[in-house]
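Engineer: Contents of target05.cif (mmCIF, C-alpha atoms and all ligand atoms) are below:
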```
data_upload
loop_
_atom_site.label_atom_id
_atom_site.label_comp_id
_atom_site.auth_asym_id
_atom_site.auth_seq_id
_atom_site.Cartn_x
_atom_site.Cartn_y
_atom_site.Cartn_z
CA MET I 1 0.00 0.00 0.00
CA SER I 2 1.05 3.59 -0.55
CA TRP I 3 1.63 5.46 2.70
CA THR I 4 0.74 9.11 3.29
CA VAL I 5 1.24 11.46 6.22
CA LYS I 6 -2.52 11.23 6.83
CA LYS I 7 -2.42 7.41 6.96
CA ILE I 8 0.47 7.53 9.42
CA ARG I 9 -1.46 9.95 11.65
CA GLU I 10 -4.56 7.75 11.48
CA SER I 11 -2.64 4.60 12.44
CA LYS I 12 -2.55 5.67 16.11
CA GLY I 13 -3.55 2.74 18.30
CA LYS I 14 -3.65 0.26 15.39
CA THR I 15 -1.00 -2.21 14.15
CA PRO I 16 2.40 -0.83 15.18
CA LEU I 17 4.20 1.04 12.40
CA ALA I 18 7.51 -0.45 11.25
CA THR I 19 9.76 2.40 10.12
CA ILE I 20 13.46 2.65 9.34
CA THR I 21 16.25 5.04 8.36
CA ALA I 22 17.97 4.90 4.96
CA TYR I 23 20.48 7.20 3.33
CA ASP I 24 20.86 6.02 -0.26
CA ALA I 25 18.79 4.72 -3.16
CA ILE I 26 19.89 1.07 -2.79
CA THR I 27 19.00 0.52 0.87
CA ALA I 28 15.90 2.72 0.60
CA ARG I 29 14.61 0.53 -2.27
CA MET I 30 15.19 -2.57 -0.13
CA ALA I 31 13.24 -1.05 2.78
CA ASP I 32 10.45 0.26 0.54
CA GLU I 33 9.99 -3.05 -1.27
CA ALA I 34 9.90 -4.86 2.08
CA GLY I 35 6.97 -2.62 3.04
CA VAL I 36 8.03 -0.17 5.76
CA ALA I 37 5.59 2.70 6.30
CA LEU I 38 8.12 5.51 6.63
CA ILE I 39 11.76 5.99 5.64
CA LEU I 40 13.66 8.60 7.62
CA VAL I 41 16.71 10.11 5.98
CA GLY I 42 18.10 10.63 9.45
CA ASP I 43 21.04 12.84 10.24
CA SER I 44 22.37 9.62 11.81
CA LEU I 45 23.81 9.24 8.33
CA GLY I 46 26.61 11.37 9.77
CA THR I 47 27.62 8.73 12.30
CA THR I 48 26.94 5.75 10.02
CA ALA I 49 27.44 6.45 6.30
CA LEU I 50 29.87 9.36 6.79
CA GLY I 51 31.88 8.01 9.75
CA LEU I 52 31.50 11.15 11.89
CA GLU I 53 31.60 11.18 15.72
CA THR I 54 28.22 12.93 16.12
CA THR I 55 25.39 14.27 13.94
CA VAL I 56 26.36 17.88 14.69
CA PRO I 57 28.54 18.44 11.56
CA VAL I 58 25.78 17.28 9.16
CA THR I 59 24.67 20.17 6.92
CA MET I 60 21.70 21.09 4.73
CA ALA I 61 23.78 20.27 1.63
CA VAL I 62 24.36 16.73 2.93
CA MET I 63 20.70 16.23 3.82
CA LEU I 64 19.54 17.50 0.42
CA HIS I 65 21.99 15.18 -1.34
CA HIS I 66 20.97 12.02 0.54
CA THR I 67 17.24 12.78 0.60
CA THR I 68 17.29 13.23 -3.19
CA ALA I 69 18.92 9.80 -3.57
CA VAL I 70 16.41 8.08 -1.26
CA ARG I 71 13.46 9.80 -2.97
CA ARG I 72 14.49 8.35 -6.35
CA SER I 73 13.87 4.75 -5.29
CA VAL I 74 10.97 5.01 -2.81
CA LYS I 75 7.47 4.40 -4.17
CA ASN I 76 5.25 3.43 -1.22
CA ALA I 77 6.73 4.62 2.05
CA ILE I 78 6.72 8.28 3.03
CA VAL I 79 10.15 9.92 2.99
CA VAL I 80 10.97 12.11 5.99
CA ALA I 81 14.11 14.27 5.90
CA ASP I 82 15.85 15.19 9.13
CA MET I 83 16.50 18.89 9.57
CA PRO I 84 20.21 19.11 10.47
CA PHE I 85 21.75 21.07 13.36
CA LEU I 86 21.37 24.86 12.95
CA SER I 87 18.95 24.55 10.03
CA TYR I 88 15.95 25.38 12.29
CA GLN I 89 17.34 26.75 15.56
CA ILE I 90 18.35 30.25 14.41
CA ASN I 91 14.99 31.69 13.46
CA ASP I 92 11.66 30.45 12.14
CA ASP I 93 11.94 32.09 8.70
CA ASP I 94 15.25 30.34 8.12
CA ALA I 95 13.75 27.07 9.37
CA ILE I 96 10.77 27.25 7.01
CA ARG I 97 13.03 28.05 4.07
CA ASN I 98 15.25 25.05 4.89
CA ALA I 99 12.31 22.69 5.46
CA GLY I 100 10.79 23.90 2.19
CA ARG I 101 14.03 23.07 0.36
CA LEU I 102 13.93 19.50 1.66
CA LEU I 103 10.42 19.15 0.18
CA GLN I 104 10.89 21.22 -2.97
CA GLU I 105 14.45 20.31 -4.04
CA ALA I 106 14.91 16.84 -2.53
CA GLY I 107 11.32 15.55 -2.74
CA ALA I 108 10.78 14.73 0.95
CA ASP I 109 7.19 14.24 2.11
CA ALA I 110 7.89 15.69 5.55
CA VAL I 111 10.68 16.91 7.82
CA LYS I 112 11.73 15.92 11.33
CA LEU I 113 13.17 18.23 13.96
CA GLU I 114 14.35 17.76 17.53
CA GLY I 115 12.73 19.41 20.57
CA GLY I 116 9.40 19.81 22.33
CA THR I 117 7.54 22.87 23.65
CA ILE I 118 10.34 25.14 22.46
CA ARG I 119 9.56 24.07 18.85
CA ALA I 120 5.74 24.18 19.08
CA GLY I 121 5.38 27.62 17.45
CA LEU I 122 7.68 26.64 14.60
CA ILE I 123 5.87 23.32 14.05
CA ARG I 124 2.53 25.19 13.90
CA ARG I 125 3.90 27.63 11.31
CA MET I 126 5.38 24.86 9.19
CA VAL I 127 2.20 22.80 9.25
CA ASP I 128 0.10 25.90 8.43
CA ASN I 129 2.38 26.43 5.43
CA GLY I 130 2.00 22.90 4.09
CA ILE I 131 5.09 21.27 5.59
CA PRO I 132 4.30 18.07 7.53
CA VAL I 133 6.48 17.75 10.62
CA MET I 134 7.61 14.80 12.71
CA ALA I 135 8.72 15.77 16.22
CA HIS I 136 11.56 14.13 18.19
CA LEU I 137 11.75 13.91 22.01
CA GLY I 138 13.96 12.18 24.56
CA VAL I 139 17.63 11.80 23.66
CA LEU I 140 18.32 14.55 21.15
CA PRO I 141 21.53 13.69 19.29
CA GLN I 142 22.01 17.26 18.01
CA SER I 143 22.19 18.43 21.64
CA VAL I 144 24.52 15.65 22.74
CA LYS I 145 27.23 18.14 23.72
CA ALA I 146 24.77 19.74 26.17
CA SER I 147 22.72 16.80 27.38
CA GLY I 148 24.47 13.54 26.44
CA TYR I 149 23.06 10.17 25.36
CA ALA I 150 21.73 8.97 28.76
CA ALA I 151 18.18 7.58 28.66
CA LYS I 152 15.45 10.04 29.70
CA GLY I 153 12.61 9.56 32.15
CA ARG I 154 14.36 8.89 35.45
CA ILE I 155 14.13 12.39 36.96
CA GLU I 156 10.84 14.00 38.09
CA ASP I 157 11.42 17.34 36.29
CA GLU I 158 12.41 15.52 33.12
CA ILE I 159 9.27 13.35 33.24
CA LYS I 160 7.01 16.40 33.72
CA LYS I 161 8.74 18.25 30.87
CA LEU I 162 8.50 15.29 28.46
CA LYS I 163 4.76 14.98 29.14
CA GLU I 164 4.29 18.69 28.36
CA ASP I 165 6.45 18.32 25.26
CA ALA I 166 4.54 15.29 23.90
CA VAL I 167 1.23 17.13 24.20
CA ALA I 168 2.63 20.43 22.85
CA VAL I 169 4.12 19.02 19.63
CA ALA I 170 0.98 17.02 18.83
CA GLU I 171 -1.24 20.06 19.50
CA ALA I 172 1.05 22.16 17.29
CA GLY I 173 0.29 19.79 14.41
CA ALA I 174 3.16 17.28 14.28
CA PHE I 175 1.87 14.12 12.55
CA SER I 176 3.96 11.80 14.73
CA THR I 177 6.66 11.97 17.39
CA VAL I 178 9.89 9.99 17.70
CA LEU I 179 10.63 8.97 21.29
CA GLU I 180 14.35 8.21 21.58
CA CYS I 181 15.73 6.31 24.59
CA ILE I 182 12.92 7.07 27.02
CA THR I 183 12.20 4.62 29.85
CA PRO I 184 9.45 2.23 28.70
CA ASP I 185 6.85 3.19 31.33
CA LEU I 186 7.18 6.87 30.51
CA ALA I 187 7.13 6.13 26.76
CA ALA I 188 3.84 4.25 27.32
CA GLU I 189 2.45 7.27 29.21
CA LEU I 190 3.59 9.67 26.48
CA THR I 191 1.96 7.40 23.89
CA ALA I 192 -1.32 7.56 25.81
CA LEU I 193 -1.04 11.35 26.18
CA SER I 194 -0.11 12.03 22.56
CA ALA I 195 -2.90 12.47 20.00
CA VAL I 196 -0.53 11.33 17.23
CA PRO I 197 1.51 8.12 16.78
CA THR I 198 4.69 7.81 18.81
CA ILE I 199 7.58 6.06 17.08
CA GLY I 200 10.01 4.55 19.54
CA ILE I 201 13.72 3.86 19.37
CA GLY I 202 15.12 2.42 22.58
CA SER I 203 11.81 3.29 24.30
CA GLY I 204 10.13 -0.09 24.84
CA ASN I 205 7.33 -1.70 22.89
CA ALA I 206 4.27 0.33 23.93
CA CYS I 207 4.84 3.01 21.28
CA ASP I 208 2.61 3.21 18.18
CA GLY I 209 5.57 2.18 16.03
CA GLN I 210 9.31 1.59 16.01
CA ILE I 211 12.23 3.04 14.07
CA ILE I 212 15.71 1.59 13.73
CA VAL I 213 18.89 2.70 11.97
CA ILE I 214 19.24 0.50 8.89
CA ALA I 215 22.97 -0.10 9.44
CA ASP I 216 22.17 -1.50 12.91
CA LEU I 217 19.28 -3.71 11.73
CA LEU I 218 21.34 -5.18 8.89
CA GLY I 219 24.52 -5.58 10.94
CA MET I 220 26.46 -3.39 8.51
CA ILE I 221 28.97 -2.31 11.13
CA GLU I 222 30.94 -4.88 13.16
CA GLY I 223 31.33 -4.35 16.90
CA PRO I 224 28.98 -3.42 19.72
CA VAL I 225 25.57 -1.91 18.99
CA PRO I 226 23.30 0.04 21.35
CA LYS I 227 21.32 -2.08 23.88
CA PHE I 228 18.03 -1.46 22.06
CA VAL I 229 19.22 -2.82 18.68
CA ARG I 230 18.23 -6.24 17.39
CA LYS I 231 20.46 -7.23 14.45
CA TYR I 232 18.39 -9.06 11.83
CA ALA I 233 21.38 -9.83 9.59
CA GLU I 234 25.18 -9.78 9.57
CA PHE I 235 25.87 -7.79 6.40
CA ALA I 236 29.38 -6.77 7.48
CA GLN I 237 30.46 -10.41 7.92
CA THR I 238 28.67 -11.63 4.77
CA GLY I 239 30.05 -8.70 2.78
CA LYS I 240 33.60 -9.20 3.95
CA ALA I 241 33.46 -12.94 3.19
CA ALA I 242 32.19 -12.14 -0.33
CA ILE I 243 34.99 -9.63 -0.92
CA LEU I 244 37.59 -12.14 0.33
CA SER I 245 36.25 -14.68 -2.20
CA TYR I 246 36.43 -12.04 -4.93
CA ILE I 247 40.06 -11.24 -4.08
CA ALA I 248 40.97 -14.93 -4.16
CA ASP I 249 39.17 -15.44 -7.50
CA VAL I 250 40.87 -12.44 -9.10
CA GLN I 251 44.28 -13.56 -7.88
CA SER I 252 43.76 -17.13 -9.14
CA ARG I 253 42.16 -15.92 -12.42
CA ALA I 254 38.97 -17.86 -11.55
CA TYR I 255 37.06 -14.61 -12.11
CA PRO I 256 36.08 -13.49 -14.68
CA ASP I 257 35.43 -16.71 -16.57
CA GLU I 258 33.80 -17.44 -19.97
CA SER I 259 30.29 -16.59 -18.71
CA HIS I 260 31.35 -13.05 -17.76
CA THR I 261 33.09 -12.34 -21.05
CA TYR I 262 31.61 -10.65 -24.17
CA LYS I 263 31.83 -12.70 -27.36
O1 LIG I 301 18.79 10.52 12.70
C1 LIG I 301 18.13 9.50 12.95
O2 LIG I 301 18.34 8.44 12.37
C2 LIG I 301 17.07 9.61 13.93
C3 LIG I 301 16.45 8.34 14.39
C4 LIG I 301 17.34 7.69 15.37
C5 LIG I 301 15.09 8.53 14.93
O3 LIG I 301 16.74 10.68 14.36
#
```
Translate this structure into C-alpha cells?

Structural biologist:
Amino acid sequence: MSWTVKKIRESKGKTPLATITAYDAITARMADEAGVALILVGDSLGTTALGLETTVPVTMAVMLHHTTAVRRSVKNAIVVADMPFLSYQINDDDAIRNAGRLLQEAGADAVKLEGGTIRAGLIRRMVDNGIPVMAHLGVLPQSVKASGYAAKGRIEDEIKKLKEDAVAVAEAGAFSTVLECITPDLAAELTALSAVPTIGIGSGNACDGQIIVIADLLGMIEGPVPKFVRKYAEFAQTGKAAILSYIADVQSRAYPDESHTYK
C-alpha cells in the first residue's frame, strides 16, 4: 500500500508502524519493497554512512543530497528528511526556508526536527504552510554536547517536561513523534497522552511504532551496537566474506570466466 502522512497519523492505536532510516537509493529501495511505512533520511547518516563522531557536523547540503537519492527509489513509504543542526534553531523564517528546500528540491514528504515545547510555534507555522512535521523527544543527538546520550525519564522534572512536550508538539500539528531512549513506562504514558503516533527507538514496545537505523538492523557495522538494537542480519560479515572470495578469484584468475566475457 502507498503510505501518506494522513495514513500515518490515522494509524494511532492500530497495528504498530515499522519504520526505518535509509540514506541512499539502494538501501531505501530494499526497505520500501519490504513494506516499511516511513523511511527517515536521518542525520544519523553522519555517524553511520559518513563516519563522523556525532550528527552535529551534518549540513543542509548533505541532507539535500541524501534525501534526493532516497526519494528516487521510494514508491510506497513516506520519505521524511531530518533537519540538520542549525537549520531550524536560528529563526523560524530560516527554518521554514530550509524545510521547504527539503520538500521542494529533494522531494521529501515531511521533515523531522528535535525538541518539544520550544519548537511548538515553529511546528505550527510549518504545518500551516503545508510542511508536515515529525517531532523528536527524549535523547536529542544534536544536543549531545549539552545533554548527552543517557536515557530520559528517570528524573521527576524531566518526566514532567517530556509529558508537556509530547502534548505540545501534537497540539502544534506534528503528525507523529519519535521517542528516543525514554524509559518504557514513561514512553507508554507519552503514547497515551499524545494524540498522534509515537515512534520509539530504545523506548520499549508500547509506542505506536518503532524506528531503527538500517545499518544496525542489517549488521552493517561490526562491533557493539546500542542495547536497544536487534540485528536481523550480519551484512558486514557476509560482505567481507564475499569480498575475500572475490580477491581470491581475481588472484587465481577464476574470475572473470567465460560466462562473464563478451563474445
Ligand atoms: O537521525 C536519525 O536516524 C534519527 C532516528 C534515530 C530517529 O533521528

Engineer: Would you list the contacts of Pro197 of chain I as JSON, numbers by chain, taking every protein, DNA or RNA residue within 10 Å and counting all atoms listed in the file, but skipping same-chain residues closer than 3 positions in sequence?

Structural biologist: {"I": [8, 9, 10, 11, 12, 13, 14, 16, 17, 134, 170, 174, 175, 176, 177, 178, 191, 192, 194, 200, 207, 208, 209]}

Engineer: Which one of I:Asp185, I:Glu180, I:Asp32, I:Asp165 sits closest to ligand LIG 301 (chain I) if you count all atoms listed in the file?

Structural biologist: I:Glu180

Engineer: Please build the interface table for segment 7-57 of chain I against segment 214-219 of chain I with a cut-off of 10 Å, listing for each qualifying residue the nearest atom pair and the distance in Å to one decimal; count all atoms listed in the file, order rows by chain and increasing number, and write it as a Markdown table.

Structural biologist:
```
| residue | atom | partner | partner_atom | distance |
| --- | --- | --- | --- | --- |
| I:Thr19 | CA | I:Ile214 | CA | 9.7 |
| I:Ile20 | CA | I:Ile214 | CA | 6.2 |
| I:Thr21 | CA | I:Ile214 | CA | 5.5 |
| I:Ala22 | CA | I:Ile214 | CA | 6.0 |
| I:Tyr23 | CA | I:Ile214 | CA | 8.8 |
| I:Thr27 | CA | I:Ile214 | CA | 8.0 |
| I:Ala28 | CA | I:Ile214 | CA | 9.2 |
| I:Ala31 | CA | I:Ile214 | CA | 8.7 |
| I:Ile39 | CA | I:Ile214 | CA | 9.8 |
| I:Leu40 | CA | I:Ile214 | CA | 9.9 |
| I:Leu45 | CA | I:Ala215 | CA | 9.4 |
| I:Thr48 | CA | I:Ala215 | CA | 7.1 |
| I:Ala49 | CA | I:Ala215 | CA | 8.5 |
```

Engineer: Counting all atoms listed in the file, which residues of chain I fall within 8 Å of ligand LIG 301 (chain I), and what is the closest atom pair for each with its distance in Å at one decimal, ordered by chain and rising number, as JSON lines?

Structural biologist:
```
{"residue": "I:Thr21", "atom": "CA", "partner": "I:LIG301", "partner_atom": "O2", "distance": 5.7}
{"residue": "I:Leu40", "atom": "CA", "partner": "I:LIG301", "partner_atom": "O2", "distance": 6.7}
{"residue": "I:Val41", "atom": "CA", "partner": "I:LIG301", "partner_atom": "O2", "distance": 6.8}
{"residue": "I:Gly42", "atom": "CA", "partner": "I:LIG301", "partner_atom": "O1", "distance": 3.3}
{"residue": "I:Asp43", "atom": "CA", "partner": "I:LIG301", "partner_atom": "O1", "distance": 4.1}
{"residue": "I:Ser44", "atom": "CA", "partner": "I:LIG301", "partner_atom": "O1", "distance": 3.8}
{"residue": "I:Leu45", "atom": "CA", "partner": "I:LIG301", "partner_atom": "O1", "distance": 6.8}
{"residue": "I:Thr55", "atom": "CA", "partner": "I:LIG301", "partner_atom": "O1", "distance": 7.7}
{"residue": "I:Asp82", "atom": "CA", "partner": "I:LIG301", "partner_atom": "O1", "distance": 6.6}
{"residue": "I:Lys112", "atom": "CA", "partner": "I:LIG301", "partner_atom": "O3", "distance": 7.9}
{"residue": "I:His136", "atom": "CA", "partner": "I:LIG301", "partner_atom": "O3", "distance": 7.3}
{"residue": "I:Leu140", "atom": "CA", "partner": "I:LIG301", "partner_atom": "O3", "distance": 8.0}
{"residue": "I:Pro141", "atom": "CA", "partner": "I:LIG301", "partner_atom": "O3", "distance": 7.5}
{"residue": "I:Val178", "atom": "CA", "partner": "I:LIG301", "partner_atom": "C5", "distance": 6.1}
{"residue": "I:Leu179", "atom": "CA", "partner": "I:LIG301", "partner_atom": "C5", "distance": 7.8}
{"residue": "I:Glu180", "atom": "CA", "partner": "I:LIG301", "partner_atom": "C5", "distance": 6.7}
{"residue": "I:Gly200", "atom": "CA", "partner": "I:LIG301", "partner_atom": "C5", "distance": 7.9}
{"residue": "I:Ile201", "atom": "CA", "partner": "I:LIG301", "partner_atom": "C5", "distance": 6.6}
{"residue": "I:Ile211", "atom": "CA", "partner": "I:LIG301", "partner_atom": "C5", "distance": 6.2}
{"residue": "I:Ile212", "atom": "CA", "partner": "I:LIG301", "partner_atom": "C4", "distance": 6.5}
{"residue": "I:Val213", "atom": "CA", "partner": "I:LIG301", "partner_atom": "O2", "distance": 5.8}
```

Engineer: With distances taken over only C-alpha atoms, which of I:Ala95, I:Val5, I:Val127, I:Ile118 is nearest to Glu164 of chain I?

Structural biologist: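 Smallest distance to Glu164 of chain I is found for I:Ile118.
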
Engineer: Can you work out which one of I:Met60, I:Ala135, I:Val70, I:Asn129 has the shortest atom-to-atom distance to Leu102 of chain I, counting all atoms listed in the file?

Structural biologist: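 Nearest candidate to Leu102 of chain I out of I:Met60, I:Ala135, I:Val70, I:Asn129: I:Met60.
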
Engineer: Can you work out which one of I:Lys161, I:His260, I:Lys75, I:Arg125 has the shortest atom-to-atom distance to Gly138 of chain I, counting all atoms listed in the file?

Structural biologist: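 Using all atoms listed in the file, the shortest distance to Gly138 of chain I belongs to I:Lys161.
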
Engineer: For Thr54 of chain I, work out the shell of residues within 9 Å, counting all atoms listed in the file and skipping chain neighbours fewer than 3 positions away, then give it as a list in words.

Structural biologist: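 Listed by chain and then number, they are Ser44, Gly46, Thr47, Gly51, Pro57, Val58, Pro141, Gln142 and Val144 of chain I.
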
Engineer: To test the calculation: enclose all listed atoms of segment 28-42 of chain I in a box whose edges run along x, y and z, add 6 Å on each side, then state centre and edge lengths in Å to one decimal, as JSON.

Structural biologist:
```
{"center_x": 11.8, "center_y": 2.9, "center_z": 3.6, "size_x": 24.5, "size_y": 27.5, "size_z": 23.7}
```

Engineer: Quick one: everything within 8 Å of Arg71 of chain I, counting only C-alpha atoms, minus sequence neighbours fewer than 3 positions away in the same chain. Send it as a PDB file with C-alpha atoms, in the frame of the given file.

Structural biologist:
```pdb
ATOM      1  CA  ALA I  25      18.790   4.720  -3.160  1.00  0.00           C
ATOM      2  CA  THR I  67      17.240  12.780   0.600  1.00  0.00           C
ATOM      3  CA  THR I  68      17.290  13.230  -3.190  1.00  0.00           C
ATOM      4  CA  VAL I  74      10.970   5.010  -2.810  1.00  0.00           C
ATOM      5  CA  VAL I  79      10.150   9.920   2.990  1.00  0.00           C
ATOM      6  CA  ALA I 106      14.910  16.840  -2.530  1.00  0.00           C
ATOM      7  CA  GLY I 107      11.320  15.550  -2.740  1.00  0.00           C
ATOM      8  CA  ALA I 108      10.780  14.730   0.950  1.00  0.00           C
TER       9      ALA I 108
END
```

Engineer: Excluding Ala206 of chain I and its own-chain neighbours fewer than 6 positions away, which residues fall within 8 Å of it when counting all atoms listed in the file? Please give them as a PyMOL selection string.

Structural biologist: chain I and resi 184+187-188+191

Engineer: Using atom CA of Lys227 of chain I and atom CA of Asn205 of chain I as the two end points, give the distance in Å to one decimal.

Structural biologist: 14.0 Å

Engineer: Taking (9.3, 18.5, 4.9) in the file's coordinates, which residues come within 7 Å, counting all atoms listed in the file, written as a list in words?

Structural biologist: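 Residues with an atom close enough to that point: Val80, Ala81, Ala99, Gly100, Leu102, Leu103, Ala108, Asp109, Ala110, Val111, Ile131, Pro132 and Val133 of chain I.
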
Engineer: Closest to Ala151 of chain I among I:Phe228, I:Ala166, I:Leu113, I:Ile78, using only C-alpha atoms?

Structural biologist: I:Phe228

Engineer: May I ask for the distance between atom CA of Glu33 of chain I and atom CA of Thr238 of chain I, given in Å to one decimal place?

Structural biologist: 21.4 Å

Engineer: Which residue out of I:Ile182, I:Ile123, I:Ala18, I:Ala241 has the minimum interatomic distance to Ala150 of chain I when all atoms listed in the file are used?

Structural biologist: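 Using all atoms listed in the file, Ala150 of chain I sits closest to I:Ile182.
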
Engineer: Please list, as a tab-separated table (two decimals) with C-alpha atoms, in the frame of the given file, the residues that have an atom at most 10 Å away from (0.0, 22.7, 22.4) in the coordinates of this file, counting only C-alpha atoms.

Structural biologist:
```tsv
chain	number	residue	atom	x	y	z
I	116	GLY	CA	9.40	19.81	22.33
I	117	THR	CA	7.54	22.87	23.65
I	120	ALA	CA	5.74	24.18	19.08
I	121	GLY	CA	5.38	27.62	17.45
I	124	ARG	CA	2.53	25.19	13.90
I	164	GLU	CA	4.29	18.69	28.36
I	165	ASP	CA	6.45	18.32	25.26
I	166	ALA	CA	4.54	15.29	23.90
I	167	VAL	CA	1.23	17.13	24.20
I	168	ALA	CA	2.63	20.43	22.85
I	169	VAL	CA	4.12	19.02	19.63
I	170	ALA	CA	0.98	17.02	18.83
I	171	GLU	CA	-1.24	20.06	19.50
I	172	ALA	CA	1.05	22.16	17.29
I	173	GLY	CA	0.29	19.79	14.41
```

Engineer: Could you please determine the separation between atom CA of Ile159 of chain I and atom CA of Glu189 of chain I in Å, to one decimal place?

Structural biologist: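 Separating atom CA of Ile159 of chain I from atom CA of Glu189 of chain I is a distance of 10.0 Å.
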
Engineer: Would you mind listing what lies within 10 Å of Tyr88 of chain I as a PyMOL selection string, with all atoms listed in the file counted and same-chain residues fewer than 2 positions away left out?

Structural biologist: chain I and resi 83-86+90-99+113-114+119+122
